[in-house]
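File shown here: target31.pdb, holding PDB, C-alpha atoms.
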ATOM      1  CA  MET W  11     -10.794  -2.742 -24.115
ATOM      2  CA  THR W  12      -8.333  -0.211 -25.557
ATOM      3  CA  LEU W  13      -8.560   3.294 -24.191
ATOM      4  CA  PRO W  14      -7.926   6.362 -26.356
ATOM      5  CA  ALA W  15      -4.365   7.653 -26.084
ATOM      6  CA  GLU W  16      -5.417  10.809 -24.242
ATOM      7  CA  CYS W  17      -7.198   8.670 -21.627
ATOM      8  CA  GLU W  18      -4.135   6.438 -21.199
ATOM      9  CA  THR W  19      -2.026   9.564 -20.687
ATOM     10  CA  ALA W  20      -4.432  11.075 -18.174
ATOM     11  CA  LEU W  21      -4.753   7.887 -16.139
ATOM     12  CA  ALA W  22      -0.990   7.404 -16.096
ATOM     13  CA  GLN W  23      -0.575  10.919 -14.682
ATOM     14  CA  LEU W  24      -3.195  10.654 -11.948
ATOM     15  CA  ASP W  25      -0.740   9.770  -9.196
ATOM     16  CA  ALA W  26       1.611  12.605 -10.122
ATOM     17  CA  TRP W  27      -1.413  14.893 -10.107
ATOM     18  CA  ARG W  28      -2.411  13.703  -6.620
ATOM     19  CA  ARG W  29       1.134  14.040  -5.309
ATOM     20  CA  GLY W  30       1.442  17.564  -6.718
ATOM     21  CA  THR W  31       4.355  16.669  -8.968
ATOM     22  CA  LEU W  32       2.646  17.187 -12.319
ATOM     23  CA  PRO W  33       4.115  20.104 -14.335
ATOM     24  CA  ALA W  34       1.774  23.091 -14.699
ATOM     25  CA  GLU W  35       1.187  22.673 -18.436
ATOM     26  CA  GLU W  36       0.267  19.000 -18.006
ATOM     27  CA  LEU W  37      -1.897  19.891 -15.027
ATOM     28  CA  ALA W  38      -4.031  22.108 -17.248
ATOM     29  CA  SER W  39      -4.448  19.478 -19.963
ATOM     30  CA  MET W  40      -5.270  16.865 -17.299
ATOM     31  CA  GLN W  41      -8.010  19.059 -15.859
ATOM     32  CA  THR W  42      -9.377  19.777 -19.331
ATOM     33  CA  HIS W  43      -9.492  16.063 -20.073
ATOM     34  CA  LEU W  44     -11.201  15.198 -16.783
ATOM     35  CA  ASP W  45     -13.821  17.891 -17.410
ATOM     36  CA  ALA W  46     -14.644  16.324 -20.765
ATOM     37  CA  CYS W  47     -14.190  12.571 -20.201
ATOM     38  CA  ARG W  48     -16.745  10.898 -17.952
ATOM     39  CA  ARG W  49     -14.914   7.592 -18.023
ATOM     40  CA  CYS W  50     -11.660   9.063 -16.736
ATOM     41  CA  LEU W  51     -13.496  11.197 -14.196
ATOM     42  CA  SER W  52     -15.283   8.090 -12.922
ATOM     43  CA  TYR W  53     -11.963   6.226 -12.829
ATOM     44  CA  LYS W  54     -10.421   9.048 -10.814
ATOM     45  CA  CYS W  55     -13.390   9.156  -8.415
ATOM     46  CA  HIS W  56     -13.188   5.407  -7.809
ATOM     47  CA  GLU W  57      -9.464   5.540  -7.198
ATOM     48  CA  ASP W  58      -9.776   8.574  -4.923
ATOM     49  CA  ALA W  59     -12.456   6.759  -2.915
ATOM     50  CA  LEU W  60     -10.314   3.624  -2.656
ATOM     51  CA  LEU W  61      -7.244   5.596  -1.541
ATOM     52  CA  ASP W  62      -9.286   7.483   1.016
ATOM     53  CA  ARG W  63     -10.646   4.209   2.366
ATOM     54  CA  LEU W  64      -7.187   2.613   2.550
ATOM     55  CA  SER W  65      -5.759   5.629   4.333
ATOM     56  CA  ASN W  66      -8.586   5.550   6.878
ATOM     57  CA  ALA W  67      -8.105   1.835   7.496
ATOM     58  CA  LYS W  68      -4.560   2.390   8.708
ATOM     59  CA  HIS W  69      -5.571   4.870  11.395
ATOM     60  CA  ASN W  70      -7.281   2.144  13.389
ATOM     61  CA  CYS W  71      -4.120   0.065  13.560
ATOM     62  CA  CYS W  72      -0.949   0.998  15.413
ATOM     63  CA  CYS W  73       1.889  -0.737  17.225
ATOM     64  CA  PRO W  74       0.537  -2.522  20.343
ATOM     65  CA  ASP W  75       1.845  -1.301  23.707
ATOM     66  CA  GLU W  76       3.326  -4.693  24.583
ATOM     67  CA  LEU W  77       5.329  -4.713  21.360
ATOM     68  CA  ARG W  78       6.555  -1.177  21.979
ATOM     69  CA  ALA W  79       7.639  -2.225  25.474
ATOM     70  CA  ALA W  80       9.438  -5.278  24.101
ATOM     71  CA  ILE W  81      11.282  -3.102  21.575
ATOM     72  CA  MET W  82      12.325  -0.697  24.327
ATOM     73  CA  GLN W  83      13.668  -3.672  26.247
ATOM     74  CA  ILE W  84      15.632  -4.819  23.181
ATOM     75  CA  ILE W  85      17.120  -1.336  22.807
ATOM     76  CA  ALA W  86      17.953  -1.084  26.509
ATOM     77  CA  THR W  87      19.609  -4.491  26.466
ATOM     78  CA  GLY W  88      21.476  -3.601  23.267
ATOM     79  CA  SER W  89      22.720  -0.343  24.777
ATOM     80  CA  ARG W  90      24.049  -2.134  27.843
ATOM     81  CA  ASP W  91      25.888  -4.587  25.586
ATOM     82  CA  ASP W  92      27.720  -1.764  23.749
TER      83      ASP W  92
ATOM     84  CA  MET T  22      28.657   4.837  15.015
ATOM     85  CA  PRO T  23      26.302   7.446  13.519
ATOM     86  CA  ASP T  24      25.552  10.560  15.550
ATOM     87  CA  GLU T  25      21.828   9.819  15.374
ATOM     88  CA  SER T  26      20.697   7.371  18.051
ATOM     89  CA  PHE T  27      19.004   4.154  17.046
ATOM     90  CA  GLU T  28      16.174   4.962  19.396
ATOM     91  CA  SER T  29      15.409   8.396  17.943
ATOM     92  CA  SER T  30      15.752   7.140  14.360
ATOM     93  CA  ALA T  31      13.838   3.871  14.600
ATOM     94  CA  LEU T  32      11.088   4.300  17.183
ATOM     95  CA  PRO T  33       9.059   6.870  15.179
ATOM     96  CA  HIS T  34       8.548   4.176  12.526
ATOM     97  CA  LEU T  35       7.197   1.438  14.795
ATOM     98  CA  ASP T  36       3.573   1.981  13.751
ATOM     99  CA  THR T  37       4.501   1.738  10.080
ATOM    100  CA  LEU T  38       6.631  -1.359  10.657
ATOM    101  CA  TYR T  39       3.851  -3.065  12.602
ATOM    102  CA  ARG T  40       1.192  -2.304   9.992
ATOM    103  CA  VAL T  41       3.419  -3.490   7.155
ATOM    104  CA  ALA T  42       4.295  -6.638   9.126
ATOM    105  CA  LEU T  43       0.626  -7.262   9.814
ATOM    106  CA  ARG T  44      -0.268  -7.045   6.148
ATOM    107  CA  LEU T  45       2.668  -9.291   5.192
ATOM    108  CA  THR T  46       2.076 -11.995   7.800
ATOM    109  CA  GLY T  47      -1.692 -11.693   8.167
ATOM    110  CA  GLU T  48      -1.492 -12.469  11.904
ATOM    111  CA  PRO T  49      -1.003 -10.021  14.800
ATOM    112  CA  ALA T  50       1.201 -12.391  16.813
ATOM    113  CA  ALA T  51       3.412 -13.143  13.815
ATOM    114  CA  ALA T  52       3.574  -9.433  12.994
ATOM    115  CA  GLN T  53       4.795  -8.654  16.510
ATOM    116  CA  ASP T  54       7.474 -11.332  16.261
ATOM    117  CA  LEU T  55       8.530 -10.061  12.845
ATOM    118  CA  VAL T  56       8.858  -6.479  14.098
ATOM    119  CA  GLN T  57      10.859  -7.622  17.134
ATOM    120  CA  ASP T  58      13.221  -9.612  14.914
ATOM    121  CA  THR T  59      13.511  -6.631  12.586
ATOM    122  CA  MET T  60      14.395  -4.225  15.372
ATOM    123  CA  LEU T  61      16.899  -6.637  16.873
ATOM    124  CA  ARG T  62      18.602  -7.082  13.513
ATOM    125  CA  ALA T  63      18.490  -3.346  12.838
ATOM    126  CA  LEU T  64      20.032  -2.573  16.217
ATOM    127  CA  ARG T  65      22.893  -4.980  15.521
ATOM    128  CA  ALA T  66      23.406  -3.439  12.065
ATOM    129  CA  TRP T  67      23.077   0.165  13.250
ATOM    130  CA  GLY T  68      26.776   0.777  12.748
ATOM    131  CA  SER T  69      26.308   0.280   9.008
ATOM    132  CA  PHE T  70      23.458   2.774   8.773
ATOM    133  CA  ARG T  71      24.555   5.871   6.845
ATOM    134  CA  PRO T  72      23.738   9.027   8.852
ATOM    135  CA  GLY T  73      21.251  11.213   7.040
ATOM    136  CA  SER T  74      19.882   8.413   4.901
ATOM    137  CA  ASN T  75      16.306   7.255   5.150
ATOM    138  CA  ALA T  76      15.804   5.237   8.343
ATOM    139  CA  ARG T  77      12.250   4.244   7.428
ATOM    140  CA  ALA T  78      13.316   2.787   4.085
ATOM    141  CA  TRP T  79      16.236   1.012   5.781
ATOM    142  CA  LEU T  80      13.960  -0.522   8.420
ATOM    143  CA  VAL T  81      11.324  -1.570   5.879
ATOM    144  CA  THR T  82      14.050  -3.253   3.825
ATOM    145  CA  ILE T  83      15.208  -5.235   6.868
ATOM    146  CA  LEU T  84      11.636  -6.167   7.771
ATOM    147  CA  ARG T  85      10.863  -7.338   4.249
ATOM    148  CA  ASN T  86      14.070  -9.367   4.040
ATOM    149  CA  GLN T  87      13.258 -10.969   7.389
ATOM    150  CA  PHE T  88       9.809 -11.793   6.104
ATOM    151  CA  ILE T  89      11.073 -13.294   2.852
ATOM    152  CA  ASN T  90      13.846 -15.272   4.504
ATOM    153  CA  GLY T  91      12.038 -16.623   7.489
ATOM    154  CA  TRP T  92       8.410 -15.767   7.692
ATOM    155  CA  ARG T  93       6.774 -16.197   4.343
ATOM    156  CA  SER T  94       4.784 -19.373   4.322
ATOM    157  CA  GLU T  95       2.870 -21.144   1.628
ATOM    158  CA  LYS T  96      -0.415 -20.474   3.351
ATOM    159  CA  ARG T  97       0.010 -16.744   2.693
ATOM    160  CA  THR T  98      -0.047 -17.330  -1.055
ATOM    161  CA  PRO T  99      -3.441 -16.022  -2.134
ATOM    162  CA  VAL T 100      -5.617 -18.341  -4.114
ATOM    163  CA  GLY T 101      -8.118 -17.450  -6.772
ATOM    164  CA  VAL T 102      -6.473 -14.177  -7.783
ATOM    165  CA  ASP T 103      -5.940 -13.998 -11.512
ATOM    166  CA  VAL T 104      -3.492 -11.109 -11.808
ATOM    167  CA  ASP T 105      -3.868 -11.069 -15.576
ATOM    168  CA  ALA T 106      -7.594 -10.523 -15.337
ATOM    169  CA  ILE T 107      -7.373  -6.868 -14.394
ATOM    170  CA  PRO T 108     -10.836  -5.328 -14.092
ATOM    171  CA  GLU T 109     -11.502  -2.597 -16.587
ATOM    172  CA  PRO T 110     -11.920   1.001 -15.454
ATOM    173  CA  PRO T 111     -15.477   1.938 -14.482
ATOM    174  CA  ASP T 112     -17.566   3.185 -17.345
ATOM    175  CA  PRO T 113     -20.107   6.014 -17.466
ATOM    176  CA  LYS T 114     -22.957   3.514 -16.998
ATOM    177  CA  ASP T 115     -21.493   2.388 -13.688
ATOM    178  CA  PRO T 116     -24.271   2.274 -11.062
ATOM    179  CA  ASP T 117     -21.912   4.006  -8.618
ATOM    180  CA  PRO T 118     -19.822   6.341 -10.796
ATOM    181  CA  GLU T 119     -18.248   8.114  -7.822
ATOM    182  CA  GLY T 120     -17.255   4.949  -5.972
ATOM    183  CA  ARG T 121     -19.323   5.823  -2.902
ATOM    184  CA  PHE T 122     -19.589   2.168  -1.975
ATOM    185  CA  PHE T 123     -15.966   2.224  -0.767
ATOM    186  CA  SER T 124     -16.939   4.412   2.163
ATOM    187  CA  GLU T 125     -19.649   1.908   3.147
ATOM    188  CA  LEU T 126     -17.147  -0.871   3.662
ATOM    189  CA  VAL T 127     -15.747  -1.508   7.141
ATOM    190  CA  ASP T 128     -12.025  -1.781   7.823
ATOM    191  CA  ASP T 129     -12.015  -5.568   8.129
ATOM    192  CA  GLU T 130     -13.555  -5.972   4.681
ATOM    193  CA  VAL T 131     -11.034  -3.628   3.100
ATOM    194  CA  LEU T 132      -8.060  -5.183   4.890
ATOM    195  CA  HIS T 133      -9.249  -8.696   4.045
ATOM    196  CA  ALA T 134      -9.231  -7.718   0.367
ATOM    197  CA  VAL T 135      -5.752  -6.215   0.742
ATOM    198  CA  ASP T 136      -4.558  -9.430   2.360
ATOM    199  CA  GLY T 137      -5.845 -11.342  -0.665
ATOM    200  CA  LEU T 138      -3.464  -9.578  -3.037
ATOM    201  CA  PRO T 139      -0.373 -11.472  -4.208
ATOM    202  CA  ASP T 140       2.737 -10.511  -2.180
ATOM    203  CA  GLU T 141       4.406  -8.340  -4.813
ATOM    204  CA  PHE T 142       1.266  -6.261  -5.291
ATOM    205  CA  ARG T 143       0.282  -6.154  -1.634
ATOM    206  CA  GLU T 144       3.616  -4.833  -0.396
ATOM    207  CA  VAL T 145       3.669  -1.992  -2.934
ATOM    208  CA  LEU T 146       0.066  -1.030  -2.244
ATOM    209  CA  VAL T 147       0.554  -1.080   1.534
ATOM    210  CA  LEU T 148       3.723   1.015   1.387
ATOM    211  CA  SER T 149       2.258   3.531  -1.070
ATOM    212  CA  ASP T 150      -1.444   3.807  -0.396
ATOM    213  CA  MET T 151      -1.606   2.967   3.298
ATOM    214  CA  GLU T 152       1.751   4.246   4.558
ATOM    215  CA  GLY T 153       2.228   7.079   2.077
ATOM    216  CA  LEU T 154       5.822   6.291   1.114
ATOM    217  CA  PRO T 155       7.065   8.019  -2.057
ATOM    218  CA  TYR T 156       7.823   5.872  -5.105
ATOM    219  CA  ALA T 157      11.573   6.314  -4.701
ATOM    220  CA  GLU T 158      11.500   5.129  -1.094
ATOM    221  CA  ILE T 159       9.399   2.093  -2.009
ATOM    222  CA  ALA T 160      11.800   1.287  -4.843
ATOM    223  CA  GLU T 161      14.726   1.527  -2.430
ATOM    224  CA  SER T 162      13.006  -0.599   0.218
ATOM    225  CA  LEU T 163      11.984  -3.329  -2.217
ATOM    226  CA  ASP T 164      15.079  -3.060  -4.426
ATOM    227  CA  ILE T 165      13.065  -2.660  -7.610
ATOM    228  CA  PRO T 166      12.956   0.142 -10.236
ATOM    229  CA  VAL T 167      10.526   3.031  -9.750
ATOM    230  CA  GLY T 168       8.778   2.005 -12.967
ATOM    231  CA  THR T 169       8.070  -1.406 -11.465
ATOM    232  CA  VAL T 170       6.634   0.246  -8.371
ATOM    233  CA  LYS T 171       4.240   2.233 -10.553
ATOM    234  CA  SER T 172       3.129  -0.703 -12.672
ATOM    235  CA  ARG T 173       2.604  -2.980  -9.658
ATOM    236  CA  LEU T 174       0.679  -0.242  -7.888
ATOM    237  CA  PHE T 175      -1.580   0.253 -10.897
ATOM    238  CA  ARG T 176      -2.360  -3.456 -11.059
ATOM    239  CA  ALA T 177      -2.747  -3.773  -7.298
ATOM    240  CA  ARG T 178      -5.339  -1.015  -7.192
ATOM    241  CA  ARG T 179      -7.287  -2.468 -10.068
ATOM    242  CA  ILE T 180      -7.320  -5.955  -8.563
ATOM    243  CA  LEU T 181      -8.362  -4.525  -5.203
ATOM    244  CA  GLN T 182     -11.118  -2.419  -6.728
ATOM    245  CA  GLY T 183     -12.431  -5.461  -8.552
ATOM    246  CA  SER T 184     -12.358  -7.529  -5.397
ATOM    247  CA  LEU T 185     -14.144  -4.882  -3.316
ATOM    248  CA  ARG T 186     -16.685  -4.277  -6.060
ATOM    249  CA  ARG T 187     -17.556  -7.962  -6.187
ATOM    250  CA  TYR T 188     -17.924  -7.951  -2.411
ATOM    251  CA  ALA T 189     -20.115  -4.827  -2.533
ATOM    252  CA  GLU T 190     -22.298  -6.422  -5.206
ATOM    253  CA  SER T 191     -22.594  -9.685  -3.292
ATOM    254  CA  THR T 192     -23.724  -7.875  -0.157
ATOM    255  CA  GLY T 193     -26.138  -5.555  -1.964
ATOM    256  CA  LEU T 194     -24.210  -2.322  -1.377
ATOM    257  CA  ILE T 195     -24.378  -1.698  -5.116
ATOM    258  CA  PRO T 196     -26.438  -3.385  -7.811
ATOM    259  CA  PRO T 197     -24.548  -5.851  -9.982
ATOM    260  CA  LYS T 198     -23.676  -4.787 -13.488
ATOM    261  CA  SER T 199     -25.958  -6.345 -16.039
ATOM    262  CA  ALA T 200     -24.435  -8.671 -18.617
ATOM    263  CA  GLU T 201     -24.635  -6.132 -21.410
ATOM    264  CA  GLU T 202     -22.923  -3.485 -19.286
ATOM    265  CA  SER T 203     -20.034  -5.658 -18.150
TER     266      SER T 203
END
So, in terms of C-alpha coordinates, how does the structure I just supplied come out?
Amino acid sequence: MTLPAECETALAQLDAWRRGTLPAEELASMQTHLDACRRCLSYKCHEDALLDRLSNAKHNCCCPDELRAAIMQIIATGSRDD
Amino acid sequence: MPDESFESSALPHLDTLYRVALRLTGEPAAAQDLVQDTMLRALRAWGSFRPGSNARAWLVTILRNQFINGWRSEKRTPVGVDVDAIPEPPDPKDPDPEGRFFSELVDDEVLHAVDGLPDEFREVLVLSDMEGLPYAEIAESLDIPVGTVKSRLFRARRILQGSLRRYAESTGLIPPKSAEES
(Lines of atoms letter the chains of each structure in order from A and count residues from 1; the text may use other names and numbers.)
(Lines give C-alpha, C1' and ligand atoms only; values in the text may rest on other atoms or scores of the structure.)
Protein backbone atom coordinates (compact mmCIF):
# COMPACT_ATOMS: atom_id res chain seq x y z
CA MET A 1 0.00 0.00 0.00
CA THR A 2 1.29 3.47 -0.93
CA LEU A 3 0.20 6.30 1.31
CA PRO A 4 -0.50 9.79 -0.03
CA ALA A 5 2.48 12.13 0.29
CA GLU A 6 0.80 14.25 2.96
CA CYS A 7 0.21 11.12 5.06
CA GLU A 8 3.84 10.03 4.66
CA THR A 9 4.93 13.50 5.80
CA ALA A 10 2.60 13.51 8.80
CA LEU A 11 3.61 10.04 9.96
CA ALA A 12 7.30 10.88 9.59
CA GLN A 13 6.81 13.92 11.82
CA LEU A 14 4.87 12.19 14.59
CA ASP A 15 7.89 11.62 16.82
CA ALA A 16 9.06 15.22 16.48
CA TRP A 17 5.52 16.28 17.32
CA ARG A 18 5.50 14.09 20.45
CA ARG A 19 8.93 15.32 21.52
CA GLY A 20 7.90 18.96 21.05
CA THR A 21 10.55 19.62 18.43
CA LEU A 22 8.25 20.24 15.47
CA PRO A 23 8.40 23.85 14.16
CA ALA A 24 5.22 25.86 14.76
CA GLU A 25 4.21 26.09 11.10
CA GLU A 26 4.56 22.32 10.64
CA LEU A 27 2.73 21.75 13.91
CA ALA A 28 -0.32 23.54 12.50
CA SER A 29 -0.32 21.58 9.24
CA MET A 30 0.15 18.33 11.20
CA GLN A 31 -2.87 19.09 13.36
CA THR A 32 -4.93 20.04 10.31
CA HIS A 33 -4.00 16.76 8.64
CA LEU A 34 -4.81 14.67 11.72
CA ASP A 35 -8.20 16.38 12.01
CA ALA A 36 -9.01 15.40 8.44
CA CYS A 37 -7.33 12.00 7.98
CA ARG A 38 -8.85 9.11 9.91
CA ARG A 39 -6.11 6.72 8.85
CA CYS A 40 -3.32 8.90 10.22
CA LEU A 41 -5.30 9.67 13.36
CA SER A 42 -5.81 5.94 13.92
CA TYR A 43 -2.10 5.35 13.27
CA LYS A 44 -1.22 8.01 15.82
CA CYS A 45 -3.65 6.58 18.39
CA HIS A 46 -2.20 3.09 17.99
CA GLU A 47 1.35 4.35 18.33
CA ASP A 48 0.47 6.52 21.32
CA ALA A 49 -1.16 3.51 23.00
CA LEU A 50 1.86 1.31 22.27
CA LEU A 51 4.30 3.92 23.62
CA ASP A 52 2.21 4.40 26.72
CA ARG A 53 2.17 0.64 27.29
CA LEU A 54 5.93 0.32 26.78
CA SER A 55 6.61 3.18 29.17
CA ASN A 56 4.39 1.59 31.82
CA ALA A 57 6.10 -1.78 31.42
CA LYS A 58 9.44 -0.33 32.46
CA HIS A 59 8.14 1.01 35.76
CA ASN A 60 7.71 -2.50 37.11
CA CYS A 61 11.34 -3.36 36.50
CA CYS A 62 14.32 -1.83 38.28
CA CYS A 63 17.80 -2.84 39.36
CA PRO A 64 17.59 -5.61 42.00
CA ASP A 65 18.96 -4.78 45.46
CA GLU A 66 21.55 -7.57 45.31
CA LEU A 67 22.92 -6.21 42.05
CA ARG A 68 23.07 -2.69 43.46
CA ALA A 69 24.96 -4.04 46.47
CA ALA A 70 27.38 -5.92 44.23
CA ILE A 71 28.03 -2.75 42.21
CA MET A 72 28.69 -0.80 45.40
CA GLN A 73 31.18 -3.48 46.38
CA ILE A 74 32.90 -3.19 42.98
CA ILE A 75 33.15 0.58 43.40
CA ALA A 76 34.43 0.29 46.97
CA THR A 77 37.04 -2.25 45.92
CA GLY A 78 38.01 -0.10 42.93
CA SER A 79 38.40 2.97 45.13
CA ARG A 80 40.68 1.12 47.52
CA ASP A 81 42.81 -0.01 44.57
CA ASP A 82 43.36 3.60 43.38
CA MET B 1 40.80 11.86 36.60
CA PRO B 2 37.54 13.77 36.02
CA ASP B 3 36.19 15.92 38.83
CA GLU B 4 32.91 14.01 38.76
CA SER B 5 33.03 10.80 40.79
CA PHE B 6 32.29 7.50 39.13
CA GLU B 7 29.76 6.77 41.82
CA SER B 8 27.74 9.96 41.36
CA SER B 9 27.89 9.71 37.56
CA ALA B 10 27.15 6.02 37.10
CA LEU B 11 24.85 4.91 39.91
CA PRO B 12 21.83 7.00 38.79
CA HIS B 13 21.77 4.94 35.58
CA LEU B 14 21.72 1.48 37.17
CA ASP B 15 17.99 0.97 36.58
CA THR B 16 18.35 1.87 32.91
CA LEU B 17 21.40 -0.37 32.50
CA TYR B 18 19.64 -3.30 34.15
CA ARG B 19 16.49 -2.94 32.04
CA VAL B 20 18.50 -2.65 28.83
CA ALA B 21 20.61 -5.66 29.85
CA LEU B 22 17.48 -7.63 30.63
CA ARG B 23 15.99 -6.94 27.23
CA LEU B 24 19.29 -7.78 25.50
CA THR B 25 19.99 -11.02 27.36
CA GLY B 26 16.43 -12.11 28.08
CA GLU B 27 17.45 -13.57 31.47
CA PRO B 28 17.60 -11.79 34.85
CA ALA B 29 20.72 -13.65 36.01
CA ALA B 30 22.56 -12.93 32.75
CA ALA B 31 21.42 -9.30 32.91
CA GLN B 32 22.88 -8.94 36.40
CA ASP B 33 26.18 -10.42 35.26
CA LEU B 34 26.24 -8.15 32.22
CA VAL B 35 25.63 -5.04 34.33
CA GLN B 36 28.34 -6.06 36.80
CA ASP B 37 30.82 -6.60 33.97
CA THR B 38 29.79 -3.26 32.47
CA MET B 39 30.32 -1.37 35.71
CA LEU B 40 33.65 -3.05 36.34
CA ARG B 41 34.85 -2.14 32.86
CA ALA B 42 33.48 1.38 33.18
CA LEU B 43 35.22 1.88 36.51
CA ARG B 44 38.54 0.81 35.00
CA ALA B 45 37.99 3.14 32.03
CA TRP B 46 36.75 6.07 34.13
CA GLY B 47 39.94 8.00 33.52
CA SER B 48 39.07 8.20 29.82
CA PHE B 49 35.58 9.56 30.46
CA ARG B 50 35.34 13.18 29.32
CA PRO B 51 33.91 15.36 32.13
CA GLY B 52 30.61 16.90 31.14
CA SER B 53 29.86 14.34 28.46
CA ASN B 54 26.91 12.01 28.68
CA ALA B 55 27.58 9.30 31.27
CA ARG B 56 24.41 7.38 30.41
CA ALA B 57 25.33 7.13 26.73
CA TRP B 58 28.89 6.14 27.68
CA LEU B 59 27.65 3.38 30.00
CA VAL B 60 25.11 2.08 27.49
CA THR B 61 27.86 1.92 24.86
CA ILE B 62 30.04 -0.16 27.19
CA LEU B 63 27.13 -2.43 28.10
CA ARG B 64 26.21 -3.00 24.47
CA ASN B 65 29.82 -3.71 23.49
CA GLN B 66 30.09 -6.19 26.37
CA PHE B 67 26.91 -7.84 25.18
CA ILE B 68 28.05 -8.07 21.57
CA ASN B 69 31.52 -9.29 22.43
CA GLY B 70 30.72 -11.79 25.10
CA TRP B 71 27.09 -12.29 25.80
CA ARG B 72 25.16 -12.51 22.59
CA SER B 73 24.28 -16.09 21.90
CA GLU B 74 22.61 -17.78 19.00
CA LYS B 75 19.60 -18.66 21.08
CA ARG B 76 18.73 -14.96 21.38
CA THR B 77 18.26 -14.70 17.62
CA PRO B 78 14.51 -14.42 17.18
CA VAL B 79 12.88 -16.86 14.84
CA GLY B 80 9.83 -16.32 12.70
CA VAL B 81 10.20 -12.54 12.45
CA ASP B 82 10.05 -11.38 8.86
CA VAL B 83 11.40 -7.84 9.13
CA ASP B 84 10.43 -7.11 5.54
CA ALA B 85 6.81 -7.94 6.20
CA ILE B 86 6.03 -4.72 8.03
CA PRO B 87 2.35 -4.56 8.99
CA GLU B 88 0.48 -1.75 7.34
CA PRO B 89 -0.85 1.16 9.39
CA PRO B 90 -4.32 0.59 10.85
CA ASP B 91 -7.12 1.64 8.57
CA PRO B 92 -10.40 3.39 9.38
CA LYS B 93 -12.22 0.03 9.40
CA ASP B 94 -9.97 -1.22 12.19
CA PRO B 95 -12.12 -2.85 14.90
CA ASP B 96 -10.07 -0.99 17.52
CA PRO B 97 -9.18 2.33 15.87
CA GLU B 98 -7.79 3.84 19.07
CA GLY B 99 -5.58 0.88 19.96
CA ARG B 100 -7.30 0.31 23.30
CA PHE B 101 -6.27 -3.33 23.27
CA PHE B 102 -2.70 -2.30 24.17
CA SER B 103 -3.83 -1.27 27.63
CA GLU B 104 -5.43 -4.70 28.14
CA LEU B 105 -2.14 -6.50 27.72
CA VAL B 106 -0.08 -7.36 30.80
CA ASP B 107 3.60 -6.49 31.10
CA ASP B 108 4.84 -10.02 30.42
CA GLU B 109 2.98 -10.16 27.11
CA VAL B 110 4.36 -6.82 26.00
CA LEU B 111 7.91 -7.61 27.10
CA HIS B 112 7.76 -11.05 25.47
CA ALA B 113 6.89 -9.35 22.18
CA VAL B 114 9.74 -6.87 22.66
CA ASP B 115 12.12 -9.75 23.29
CA GLY B 116 11.03 -11.28 19.99
CA LEU B 117 12.33 -8.34 17.97
CA PRO B 118 15.64 -8.77 16.12
CA ASP B 119 18.57 -7.27 18.08
CA GLU B 120 19.04 -4.14 15.98
CA PHE B 121 15.38 -3.21 16.29
CA ARG B 122 15.00 -4.24 19.92
CA GLU B 123 17.91 -2.16 21.20
CA VAL B 124 16.67 1.00 19.48
CA LEU B 125 13.10 0.51 20.67
CA VAL B 126 14.18 -0.20 24.26
CA LEU B 127 16.47 2.83 24.41
CA SER B 128 13.92 5.17 22.81
CA ASP B 129 10.48 4.01 23.81
CA MET B 130 11.17 2.39 27.17
CA GLU B 131 14.12 4.43 28.45
CA GLY B 132 13.29 7.72 26.76
CA LEU B 133 16.75 8.43 25.35
CA PRO B 134 16.87 11.13 22.64
CA TYR B 135 17.77 10.08 19.10
CA ALA B 136 21.21 11.68 19.31
CA GLU B 137 22.08 9.79 22.49
CA ILE B 138 20.92 6.49 20.98
CA ALA B 139 22.97 7.19 17.86
CA GLU B 140 26.02 7.88 20.02
CA SER B 141 25.49 4.77 22.16
CA LEU B 142 24.99 2.46 19.19
CA ASP B 143 27.46 4.24 16.89
CA ILE B 144 24.94 4.61 14.08
CA PRO B 145 23.55 7.71 12.28
CA VAL B 146 20.45 9.42 13.68
CA GLY B 147 18.63 8.58 10.45
CA THR B 148 19.26 4.90 11.08
CA VAL B 149 17.89 5.25 14.59
CA LYS B 150 14.68 6.72 13.19
CA SER B 151 14.22 4.12 10.47
CA ARG B 152 14.92 1.20 12.83
CA LEU B 153 12.54 2.66 15.39
CA PHE B 154 9.79 3.00 12.79
CA ARG B 155 10.19 -0.62 11.74
CA ALA B 156 10.52 -1.86 15.31
CA ARG B 157 7.25 -0.25 16.32
CA ARG B 158 5.43 -1.61 13.33
CA ILE B 159 6.72 -5.14 13.88
CA LEU B 160 5.83 -4.92 17.57
CA GLN B 161 2.35 -3.60 16.85
CA GLY B 162 1.78 -6.43 14.41
CA SER B 163 2.99 -8.99 16.91
CA LEU B 164 0.82 -7.63 19.74
CA ARG B 165 -2.18 -7.34 17.45
CA ARG B 166 -1.87 -10.98 16.44
CA TYR B 167 -1.62 -11.92 20.11
CA ALA B 168 -4.67 -9.78 20.97
CA GLU B 169 -6.64 -11.40 18.15
CA SER B 170 -5.60 -14.90 19.17
CA THR B 171 -6.72 -14.32 22.75
CA GLY B 172 -9.99 -12.62 21.79
CA LEU B 173 -9.10 -9.14 23.04
CA ILE B 174 -10.05 -7.81 19.61
CA PRO B 175 -11.88 -9.47 16.74
CA PRO B 176 -9.68 -10.61 13.87
CA LYS B 177 -9.75 -8.57 10.70
CA SER B 178 -11.81 -10.22 8.02
CA ALA B 179 -10.06 -11.27 4.82
CA GLU B 180 -11.48 -8.41 2.80
CA GLU B 181 -10.37 -5.86 5.39
CA SER B 182 -6.80 -7.11 5.71
| Target residues per the ChimeraX specification (/T :<6) & /W, formatted as an MDAnalysis selection string | chainID W and resid 48:49 52:53 55:56 59 64:65 67 72:73
Keeping C-alpha atoms, export the residues of the selection given above as a tab-separated table (two decimals), in the coordinates of the input.
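Result file follows (again22.tsv):
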chain	number	residue	atom	x	y	z
W	48	ARG	CA	-16.74	10.90	-17.95
W	49	ARG	CA	-14.91	7.59	-18.02
W	52	SER	CA	-15.28	8.09	-12.92
W	53	TYR	CA	-11.96	6.23	-12.83
W	55	CYS	CA	-13.39	9.16	-8.41
W	56	HIS	CA	-13.19	5.41	-7.81
W	59	ALA	CA	-12.46	6.76	-2.92
W	64	LEU	CA	-7.19	2.61	2.55
W	65	SER	CA	-5.76	5.63	4.33
W	67	ALA	CA	-8.10	1.84	7.50
W	72	CYS	CA	-0.95	1.00	15.41
W	73	CYS	CA	1.89	-0.74	17.23
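For the choices T:Leu163, T:Ala31, T:Arg62, T:Glu48, the atom-to-atom distance to Asn75 of chain T is smallest for T:Ala31 when using all atoms listed in the file.
You will find atom CA of Arg28 of chain W at 13.0 Å from atom CA of Tyr156 of chain T.
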| Using all atoms listed in the file, what residues lie at most 8 Å away from (15.5, -12.4, 10.8) (file coordinates), given as a VMD selection string? | chain T and resid 55 58 to 59 62 84 86 to 88 90 to 91
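Between atom CA of Ser162 of chain T and atom CA of Ser29 of chain T there is a distance of 20.0 Å.
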| query | Within 10 Å of Arg173 of chain T, counting all atoms listed in the file, which residues qualify if same-chain residues fewer than 4 places away don't, as number ranges by chain? | reply | T: 141-146, 167-169, 177-179
| said: What does the structure give for the distance between atom CA of Leu21 of chain W and atom CA of Lys54 of chain W, in Å to one decimal? | reply: 7.9 Å
| task | Identify all residues satisfying the PyMOL selection byres ((chain W and resi 18) around 12) in the given file; provide them as a ChimeraX atom specification. | result | /W:11-17,19-24,40,43,47,49-50,53 /T:110
